[in-house]
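In what follows, a structure is listed as structure tokens, so that the remarks can point back to it.
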Amino acid sequence: MLTHYTHSLTSGPRRNTHLLLCWLAFFSCSILEPKKNTATKPEEHADREPKPYAHSDPKIAREIQAEEDEDEASRMFRNQYDTDVTTWSPAGRLFQVEYAMEAVKQGSACVGLRSRTHAVLAAANKAASELSSHQRKVFRVADHAGVALAGLTADGRVLSRFLRSECINHAFVYDAPLPVSRLALRLADKAQVCTQRSWKRPYGVGLLVAGLDESGAHLYYNCPSGNYFEYQAFAIGSRSQAAKTFLERRFEGYNDYTPDQLIRDALSAIKETLQGEKLTSSNCTVAIVGRKDDGTVEPFEMIDNKRIQEIIESMEAVEEAPVAAAESSSMQEDKGTDAAPMDI
Amino acid sequence: MSRRGDWVYENNGGTCVAIAGADYCVVAADTRLSVGYSILTRDHSKICELADKCVLASSGFQGDIKALHKNLAARELLYQHQHNKRMSCPAMAQLLSNTLYYKRFFPYYAFNVLGGLDSEGKGCVFTYDAVGSYERTGFSAQGTGSTLIMPVLDNQLKSPSPLLLPARDAVTPLSESEAVDLVKDVFASATERDIYTGDKLEIVVINKAGTKREYIDLRKD
């Protein structure tokens, strides 16, 4: 078939088009058609045949089935419009994009908060196993800006590289730092492209972009959908709702907070997401950027472990004092002063 | 002699010198910017701090020099992001050479001297031609006054030949203050006879404590 086609290429334009049309028709029939047939109606899922990998041990097989049913229930959107990112659902939704936003919720927590002059990012470190190091979730993008990410960290790494080169290029051409809102916009436009190409998939990472520019400190959240919003304080990732609840109670005063207070609140918010696990300097990362009162700029930098540990200890000491005095038992932390600070 | 209609370069003059010591490096350049027989400004820096232990001084066509410095500074920032540390002087030396050769057939009209501390903390100086040929030496001078300065440095600093075996250190045994004094003297001499050199001398000294900058007045005629 192919050789016939190439032979005909040499014999004049009219026969070319004729054969090209035939070939296209053949191609679209054979390749494009089958996709439509793989979708099944929702009610057929209930009486599916058992999967080929069903475990021989019936007890374990039941456990696997129970897990799958749970997954089924949580994934409310499983249907025939979710295969392609370029397929709309009848309700006007792009399910692949929404699924990408689910990926963000699976990543470990990150929080960001800002005052008028400083912005802080904090992330809960998660290690794949006790033997491995934890994943880097906070990246410096430029002297005046950085990101914290939750979700597919590989996607986040690639996006950080993109943001870095955007900042460098802007500074090269305009001799000025890229304003944070424009940075967030570039990132959002890049994410949007992946929601409108059939050969791409959305980035599975949510980024908290924090930075300082002429108009003060800013914090943005960029989703895989290409949307971005500015926030006073925000948290993303797994168990971030606990952090968000904490931040909602306190965010109204943040504009006037000192950098130290911001760092404390960021650590407290991360502690909320750890839910019982002890907060130490080895399971969180904190970074800050801002302009001091005298006008000097503190470039975006991770805070070193020693200082974080000192802050954590002083936070625990503050909690200890009223507890010891009032003898209330409900909000009891484990005795920070007695236990060794670094368990790991 | 009339210039071609398509001559895109001009020589803005100036001289750059660098001297490497055991644990310091001195990089100096005058601050006069000229074109033809006129002075454009008496206060223009030819020195660019690329990394904390790496300083570049260039003389020649300032348009190309500005572009070259910007290019290298951006690449250094990228390196910082990727490797989480600043670029070392020998690494920057290779990068500069590659950047210059990249434009082998439309060169940067820049005569460069790169000075700083290497990864062991010893002073190093790299000297370049316009298309990237470079060599690590103990001292160097480039620019319009280089022919007046280089013989004096050769005489005073007695750098061993790079062809000797075993390889000998090219750094001078002079102390930091002696080297700075030598630089001031050679520039004063060059200013006397080179019309493009003068006004002010900018001296940058790099050692393990950091970077220091000093300005000395030169003859303004």
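Ordered as shown in the structure tokens, chains take letters A, B, and onward, while each chain numbers its residues from 1 and ligands are numbered from 1 in the order shown.
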query = Please, which residues of region 223-304 of chain A, numbered as in this document, come out strand (DSSP E) from DSSP, as number ranges by chain?
reply = A: 228-230, 233-236, 284-291, 297-302
inquiry  = as a list in words, please: the residues near region 129-135 of chain A (cut-off 10 Å, only C-alpha atoms, same-chain neighbours under 2 positions excluded).
reply    =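 With the cut-off at 10 Å, the set is Ser108, Ala124, Asn125, Lys126, Ala127, Lys137, Val138, Thr153, Ala154, Ser282, Asn283, Cys284 and Ile344 of chain A.
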I'd like a table as JSON lines: residues in chain B with an atom no more than 10 Å from chain A, each row giving the shortest atom pair and its distance in Å to one decimal, only C-alpha atoms counted, sorted by chain and rising residue number.
{"residue": "B:Ala67", "atom": "CA", "partner": "A:Phe172", "partner_atom": "CA", "distance": 9.5}
{"residue": "B:Lys70", "atom": "CA", "partner": "A:Phe172", "partner_atom": "CA", "distance": 6.8}
{"residue": "B:Asn71", "atom": "CA", "partner": "A:Phe172", "partner_atom": "CA", "distance": 7.9}
{"residue": "B:Ala73", "atom": "CA", "partner": "A:Phe172", "partner_atom": "CA", "distance": 9.1}
{"residue": "B:Ala74", "atom": "CA", "partner": "A:Ile168", "partner_atom": "CA", "distance": 6.2}
{"residue": "B:Arg75", "atom": "CA", "partner": "A:Ile168", "partner_atom": "CA", "distance": 8.8}
{"residue": "B:Leu77", "atom": "CA", "partner": "A:Ile168", "partner_atom": "CA", "distance": 7.7}
{"residue": "B:Leu78", "atom": "CA", "partner": "A:Ser165", "partner_atom": "CA", "distance": 7.6}
{"residue": "B:His81", "atom": "CA", "partner": "A:Arg140", "partner_atom": "CA", "distance": 7.5}
{"residue": "B:Gln82", "atom": "CA", "partner": "A:Arg161", "partner_atom": "CA", "distance": 8.6}
{"residue": "B:Asn84", "atom": "CA", "partner": "A:Arg140", "partner_atom": "CA", "distance": 9.8}
Straight-line distance linking CA of Val171 (chain B) with CA of Gly21 (chain B), stated in Å to one decimal = 5.0 Å
inquiry  = Applying 7 Å and only C-alpha atoms, which residues near Pro202 (chain A) remain after dropping the ones on its own chain fewer than 5 positions away? List them as a PyMOL selection string.
reply    = chain A and resi 97+100+191+194-195+224
How about saving the chosen residues, all heavy atoms kept, as a PDB file, in the first residue's frame?
ATOM      1  N   VAL A  97      -8.727  17.581  33.301  1.00  0.00           N
ATOM      2  CA  VAL A  97      -8.191  18.707  34.058  1.00  0.00           C
ATOM      3  C   VAL A  97      -8.571  18.568  35.528  1.00  0.00           C
ATOM      4  O   VAL A  97      -7.759  18.797  36.428  1.00  0.00           O
ATOM      5  CB  VAL A  97      -8.705  20.036  33.483  1.00  0.00           C
ATOM      6  CG1 VAL A  97      -8.257  21.192  34.335  1.00  0.00           C
ATOM      7  CG2 VAL A  97      -8.217  20.223  32.063  1.00  0.00           C
ATOM      8  N   ALA A 100      -6.476  16.057  37.143  1.00  0.00           N
ATOM      9  CA  ALA A 100      -5.137  16.586  37.430  1.00  0.00           C
ATOM     10  C   ALA A 100      -5.149  17.350  38.746  1.00  0.00           C
ATOM     11  O   ALA A 100      -4.207  17.284  39.535  1.00  0.00           O
ATOM     12  CB  ALA A 100      -4.679  17.497  36.293  1.00  0.00           C
ATOM     13  N   ALA A 191       0.252  26.289  31.659  1.00  0.00           N
ATOM     14  CA  ALA A 191      -0.619  25.186  32.096  1.00  0.00           C
ATOM     15  C   ALA A 191      -1.848  25.085  31.197  1.00  0.00           C
ATOM     16  O   ALA A 191      -2.324  23.988  30.905  1.00  0.00           O
ATOM     17  CB  ALA A 191      -1.037  25.411  33.544  1.00  0.00           C
ATOM     18  N   CYS A 194      -1.634  22.946  27.994  1.00  0.00           N
ATOM     19  CA  CYS A 194      -1.769  21.500  28.141  1.00  0.00           C
ATOM     20  C   CYS A 194      -3.215  21.061  28.304  1.00  0.00           C
ATOM     21  O   CYS A 194      -3.497  19.868  28.272  1.00  0.00           O
ATOM     22  CB  CYS A 194      -0.986  21.024  29.359  1.00  0.00           C
ATOM     23  SG  CYS A 194       0.742  21.352  29.179  1.00  0.00           S
ATOM     24  N   THR A 195      -4.123  22.005  28.493  1.00  0.00           N
ATOM     25  CA  THR A 195      -5.530  21.609  28.599  1.00  0.00           C
ATOM     26  C   THR A 195      -6.222  21.702  27.258  1.00  0.00           C
ATOM     27  O   THR A 195      -7.415  21.431  27.144  1.00  0.00           O
ATOM     28  CB  THR A 195      -6.289  22.503  29.601  1.00  0.00           C
ATOM     29  OG1 THR A 195      -6.361  23.828  29.084  1.00  0.00           O
ATOM     30  CG2 THR A 195      -5.622  22.517  30.955  1.00  0.00           C
ATOM     31  N   PRO A 224      -3.402  23.177  37.997  1.00  0.00           N
ATOM     32  CA  PRO A 224      -3.183  22.529  36.702  1.00  0.00           C
ATOM     33  C   PRO A 224      -4.159  23.007  35.631  1.00  0.00           C
ATOM     34  O   PRO A 224      -3.879  22.895  34.441  1.00  0.00           O
ATOM     35  CB  PRO A 224      -3.423  21.048  37.009  1.00  0.00           C
ATOM     36  CG  PRO A 224      -3.214  20.915  38.464  1.00  0.00           C
ATOM     37  CD  PRO A 224      -3.619  22.207  39.069  1.00  0.00           C
TER      38      PRO A 224
END
Do a neighbour search on His44 (chain B) at 10 Å with only C-alpha atoms, toss out local chain neighbours closer than 3 positions, and write the hits as a CSV table (one decimal) with N, CA, C and O atoms, in the first residue's frame.
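The resulting file, around_7.csv, is reproduced below:
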chain,number,residue,atom,x,y,z
B,29,ALA,N,41.0,48.1,36.3
B,29,ALA,CA,40.8,48.7,35.0
B,29,ALA,C,40.6,50.1,35.1
B,29,ALA,O,40.1,50.6,36.2
B,30,ASP,N,41.0,50.9,34.1
B,30,ASP,CA,40.7,52.3,34.2
B,30,ASP,C,39.2,52.6,33.9
B,30,ASP,O,38.5,51.7,33.4
B,31,THR,N,38.8,53.8,34.1
B,31,THR,CA,37.3,54.1,33.9
B,31,THR,C,37.1,55.1,32.8
B,31,THR,O,36.0,55.7,32.8
B,32,ARG,N,38.0,55.2,31.9
B,32,ARG,CA,37.7,56.2,30.8
B,32,ARG,C,37.1,55.5,29.6
B,32,ARG,O,37.5,54.4,29.2
B,33,LEU,N,36.1,56.1,29.1
B,33,LEU,CA,35.4,55.6,27.9
B,33,LEU,C,35.6,56.6,26.7
B,33,LEU,O,35.2,57.8,26.9
B,40,LEU,N,34.1,60.0,26.1
B,40,LEU,CA,32.6,59.9,26.2
B,40,LEU,C,32.3,60.1,27.7
B,40,LEU,O,31.3,60.7,28.1
B,41,THR,N,33.1,59.4,28.6
B,41,THR,CA,32.8,59.6,30.0
B,41,THR,C,34.1,59.2,30.8
B,41,THR,O,34.8,58.3,30.3
B,47,ILE,N,34.6,46.6,34.8
B,47,ILE,CA,34.7,45.4,35.6
B,47,ILE,C,33.3,44.8,35.9
B,47,ILE,O,32.4,45.6,36.2
B,62,GLN,N,32.4,48.7,23.9
B,62,GLN,CA,31.6,48.6,25.0
B,62,GLN,C,30.2,47.9,24.8
B,62,GLN,O,29.7,47.3,25.6
B,199,ASP,N,41.9,59.0,33.8
B,199,ASP,CA,40.8,59.5,34.6
B,199,ASP,C,40.7,58.8,36.0
B,199,ASP,O,41.0,59.4,37.0
B,200,LYS,N,40.3,57.6,36.1
B,200,LYS,CA,40.3,56.9,37.4
B,200,LYS,C,40.6,55.5,37.2
B,200,LYS,O,40.5,54.9,36.1
B,202,GLU,N,40.0,51.7,38.8
B,202,GLU,CA,39.1,50.9,39.7
B,202,GLU,C,39.9,49.6,40.0
B,202,GLU,O,40.3,48.9,39.1
key: Pick from A:Pro58, A:Gly107, A:Pro259, A:Gly92 nearest to Ser240 (chain A), counting only C-alpha atoms   = A:Gly107
message = Which of region 153-240 of chain A end up as alpha helix (DSSP H) when DSSP is run on this backbone - answer as a PyMOL selection string?
response = chain A and resi 153-174+180-193+240
Region 182-187 of chain A environment, 8 Å, only C-alpha atoms, sequence neighbours closer than 5 positions dropped, as a PDB file with C-alpha atoms, in the first residue's frame:
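This went into around.pdb:
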ATOM      1  CA  LEU A 159       7.917  24.057  35.717  1.00  0.00           C
ATOM      2  CA  LEU A 163       9.993  29.846  35.656  1.00  0.00           C
ATOM      3  CA  GLU A 166      11.529  33.254  32.323  1.00  0.00           C
ATOM      4  CA  CYS A 167      12.890  35.345  35.181  1.00  0.00           C
ATOM      5  CA  VAL A 209       4.235  31.209  43.929  1.00  0.00           C
ATOM      6  CA  TYR A 220      -0.359  33.165  44.132  1.00  0.00           C
ATOM      7  CA  ASN A 222      -1.497  28.151  40.227  1.00  0.00           C
ATOM      8  CA  GLY A 226      -4.412  27.218  34.218  1.00  0.00           C
ATOM      9  CA  TYR A 228      -4.457  31.336  39.294  1.00  0.00           C
TER      10      TYR A 228
END
query = Restricting the calculation to only C-alpha atoms, which member of A:Thr83, A:Gln232, A:Ser268, A:Thr285 is positioned closest to Glu316 (chain A)?
reply =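 For Glu316 (chain A), the nearest of the candidates is A:Ser268.
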query = Of the candidates B:Lys66, B:Lys85, B:Arg168, B:Lys220, which shows the shortest atom-to-atom distance to Ala110 (chain B), using only C-alpha atoms?
reply =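 Smallest distance to Ala110 (chain B) is found for B:Lys66.
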